[in-house]
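In what follows, a structure is listed as structure tokens, so that the remarks can point back to it.
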Amino acid sequence: MEHGFIAWAKQRAMRLPKIKLGIGDDCALIASDGSDWVVTTDSLCEGTHFILDQCGPQAVGRKLVGVNLSDLASMAAVPVAVILSLCLPRKSADLLGSEIYEGVCEACEKYNVAIGGGDTNVWDGPLVVHLTAIGTARPAGSWLRSGARPGDKIVLSGRLGGSLLGKHLDFEPRLKLAQALYPLGIVQAATDISDGLGIDLLNLTAASRCGAEVELDRIPISDAAMERSKSSGHTALEHAIGDGEDFELLMAVDPARIDQLPSEVDGVPLTVIGTFVSRTGLWSRSKGRIEQLQPRGYVHG
Ligand SMILES: [Mg+2]
């Protein structure tokens, strides 16, 4: 959204000091005297990202931490602290604020992250919550979206699709997985799946100036995607490609060392779903046929 604005801001921010990597990846990299800082921010708006009556304020707090930590995980960063800002509806500000904070605290405790304060406003609008997460970068280099090369294998953690049935509120940012894979030195690029496999893969290929060929039969489909497909008018595969908010990791792995890729980490499966290619764009391979893959997942033809 607001691509015009984002493109403009990207150019404008480049002229500012201390930015090693600015707008366009999962997090920014900021130079420091020691390890670089890895910084990301996300907002959740009532009615757009959650229905408060359905999920409750604590889940909103947990999700807010989770989405930001997922971005840190996608750069293999080590989380350090979060800063929380709330815009609370006037009629229930105190109760709502404390319950969201409880959810944030719960998640921060789980992932060993400090809460470095924040800001609270009361207003007449709906609930809007913002969180900024700060981590430290790996001295040997962060995983970026721009590191994939033609020939690299496309590797995915977990199973995709149907997050609306629960996973979008209750997921595990893949910090442990990143921690386990980073020392192997086989991951060349990564992002997390927030907008959907198709769109996030397209963003990764655009940053890496290559394309991707996905073997549709290999995409791991979640039970929730199967469930959704019974009533949605879309196939489970379409849900897996297009739904988003899976918060799994999408990686480019060195093909020469693909045999070092574990089949799972702590019960989370790792699956090779295709190959990065020099021909730009997204392509699907199914039963020997190669076709253009629509990023939203609705496959025609
Ligand atoms: Mg991301």
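So you can find residues: chains in the structure tokens are A, B, ... in the order shown, residues in each start at 1, and ligands are numbered from 1 in order.
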Could you pull out the helix (DSSP H, G or I) residues of stretch 149-284 of chain A from DSSP and send them as a ChimeraX atom specification?
/A:163-165,175-184,197-208,216-218,223-232,236-242,255-260
For the residues in the current selection, export C-alpha atoms as a CSV table (one decimal), in the first residue's frame.
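Generated output (result.csv):
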```csv
chain,number,residue,atom,x,y,z
A,163,SER,CA,-4.3,-18.4,9.2
A,164,LEU,CA,-7.6,-16.6,9.6
A,165,LEU,CA,-8.8,-19.7,11.5
A,175,LEU,CA,13.6,-17.2,16.1
A,176,LYS,CA,14.7,-20.7,17.3
A,177,LEU,CA,14.7,-21.9,13.7
A,178,ALA,CA,16.8,-19.0,12.5
A,179,GLN,CA,19.1,-19.6,15.5
A,180,ALA,CA,19.5,-23.2,14.5
A,181,LEU,CA,20.1,-22.6,10.8
A,182,TYR,CA,22.3,-19.5,10.9
A,183,PRO,CA,25.5,-21.2,12.1
A,184,LEU,CA,25.2,-23.7,9.2
A,197,LEU,CA,3.8,-17.0,-0.1
A,198,GLY,CA,3.2,-15.6,-3.6
A,199,ILE,CA,3.7,-11.9,-2.7
A,200,ASP,CA,6.6,-12.4,-0.2
A,201,LEU,CA,8.4,-14.6,-2.7
A,202,LEU,CA,7.9,-12.0,-5.4
A,203,ASN,CA,9.3,-9.3,-3.1
A,204,LEU,CA,12.3,-11.5,-2.3
A,205,THR,CA,13.0,-12.2,-6.0
A,206,ALA,CA,12.6,-8.5,-6.8
A,207,ALA,CA,15.2,-7.6,-4.2
A,208,SER,CA,17.5,-10.4,-5.5
A,216,LEU,CA,3.1,-26.6,-6.6
A,217,ASP,CA,2.9,-30.2,-5.4
A,218,ARG,CA,5.6,-29.6,-2.8
A,223,ASP,CA,-5.0,-28.3,7.9
A,224,ALA,CA,-6.6,-24.9,8.3
A,225,ALA,CA,-6.1,-24.2,4.5
A,226,MET,CA,-7.9,-27.5,3.9
A,227,GLU,CA,-10.7,-26.5,6.2
A,228,ARG,CA,-11.1,-23.0,4.6
A,229,SER,CA,-11.2,-24.5,1.1
A,230,LYS,CA,-14.4,-26.4,2.0
A,231,SER,CA,-16.5,-23.2,2.1
A,232,SER,CA,-14.4,-20.4,0.5
A,236,ALA,CA,-6.4,-25.4,-0.3
A,237,LEU,CA,-3.3,-24.7,-2.5
A,238,GLU,CA,-4.7,-21.2,-3.3
A,239,HIS,CA,-5.1,-20.5,0.4
A,240,ALA,CA,-1.5,-21.7,1.0
A,241,ILE,CA,-0.1,-19.4,-1.6
A,242,GLY,CA,-2.3,-16.3,-1.0
A,255,PRO,CA,22.2,-25.7,-3.6
A,256,ALA,CA,25.7,-27.1,-3.1
A,257,ARG,CA,25.0,-27.5,0.6
A,258,ILE,CA,21.3,-28.4,0.5
A,259,ASP,CA,22.1,-31.8,2.1
A,260,GLN,CA,23.0,-29.9,5.3
```
Selection: 9 Å around stretch 29-43 of chain A, only C-alpha atoms, excl. self and same-chain fewer than 2 positions, as number ranges by chain
A: 18-22, 26-27, 45, 49, 64, 67-69, 71-72, 75, 77-79, 128-139, 142
8 Å contact set for A:Ala212, only C-alpha atoms, chain neighbours under 6 positions out, as a list in words:
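My reading of the contact set: Ile154, Leu201, Leu202, Thr205, Gly274, Thr275, Phe276, Val277, Arg279, Thr280, Gly281, Leu282 and Trp283 of chain A.
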Distance filter 7 Å around ligand 1, atoms: only C-alpha atoms and all ligand atoms, out as a ChimeraX atom specification:
/A:26,70-71,191-194
Write a file of the selected residues as a PDB file, in the first residue's frame, keeping C-alpha atoms.
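Output file result11.pdb follows:
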```
ATOM      1  CA  ASP A  26      12.050  -6.953   6.756  1.00  0.00           C
ATOM      2  CA  SER A  70       9.032 -12.650  13.045  1.00  0.00           C
ATOM      3  CA  ASP A  71      10.696  -9.838  11.058  1.00  0.00           C
ATOM      4  CA  THR A 191      12.010 -13.074   4.520  1.00  0.00           C
ATOM      5  CA  ASP A 192       8.997 -13.990   6.612  1.00  0.00           C
ATOM      6  CA  ILE A 193       5.578 -14.763   5.208  1.00  0.00           C
ATOM      7  CA  SER A 194       3.237 -11.976   6.206  1.00  0.00           C
TER       8      SER A 194
END
```
A:Ser278 environment, 6 Å, only C-alpha atoms, sequence neighbours closer than 2 positions dropped, as a list in words
Pro150, Cys210 and Gly211 of chain A
Taking 6 positions as the minimum chain separation for residues in the same chain, which residues sit within 12 Å of A:Ile51 when counting only C-alpha atoms? Answer as JSON, numbers by chain.
{"A": [44, 45, 57, 59, 60, 126, 127, 128, 164, 168, 169]}
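Between atom CA of A:Ser146 and atom CA of A:Arg209 there is a distance of 7.6 Å.
Proximity to A:Phe50 was assessed for A:Asp195, A:Glu245, A:Glu109, A:Glu215 counting only C-alpha atoms; the smallest distance is recorded for A:Glu245.
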Give the strand (DSSP E) residues of stretch 142-198 of chain A, as assigned by DSSP on the backbone, as number ranges by chain.
A: 153-157, 187-192
Quick one, how far is atom CA of A:Asp25 from atom CA of A:Arg145?
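We find that atom CA of A:Asp25 and atom CA of A:Arg145 lie 6.2 Å from each other.
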Could you check which of A:Thr48, A:Ser74, A:Asn121, A:Gln11 is closest to A:Asp94, using only C-alpha atoms?
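Of A:Thr48, A:Ser74, A:Asn121, A:Gln11, the one nearest A:Asp94 is A:Asn121, counting only C-alpha atoms.
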So that I can check the surroundings of A:Pro269, please list as a short mmCIF file (atom, residue, chain, number, x, y, z; two decimals) with C-alpha atoms, in the first residue's frame every protein, DNA and RNA residue that reaches within 12 Å of it, counting only C-alpha atoms and ignoring chain neighbours fewer than 2 positions away.
```cif
data_model
loop_
_atom_site.label_atom_id
_atom_site.label_comp_id
_atom_site.auth_asym_id
_atom_site.auth_seq_id
_atom_site.Cartn_x
_atom_site.Cartn_y
_atom_site.Cartn_z
CA VAL A 155 12.97 -23.44 1.38
CA LEU A 156 9.94 -22.92 3.57
CA SER A 157 9.34 -23.58 7.27
CA GLY A 158 6.05 -25.03 8.52
CA ARG A 159 2.79 -25.31 6.61
CA LEU A 160 0.83 -22.54 4.92
CA ARG A 174 10.73 -18.49 13.93
CA LEU A 177 14.68 -21.91 13.70
CA ILE A 219 4.02 -26.63 -1.03
CA PRO A 220 3.17 -27.80 2.50
CA ILE A 221 -0.51 -27.08 3.08
CA SER A 222 -1.90 -26.60 6.59
CA GLU A 248 6.87 -18.82 8.49
CA LEU A 249 10.36 -18.28 7.04
CA LEU A 261 19.48 -28.61 5.60
CA PRO A 262 17.74 -30.46 8.44
CA SER A 263 14.32 -31.90 7.59
CA GLU A 264 12.94 -30.21 10.71
CA VAL A 265 13.94 -28.07 13.67
CA ASP A 266 12.04 -28.64 16.93
CA GLY A 267 9.18 -30.29 15.06
CA THR A 271 10.59 -28.10 2.81
CA VAL A 272 12.28 -27.40 -0.52
#
```
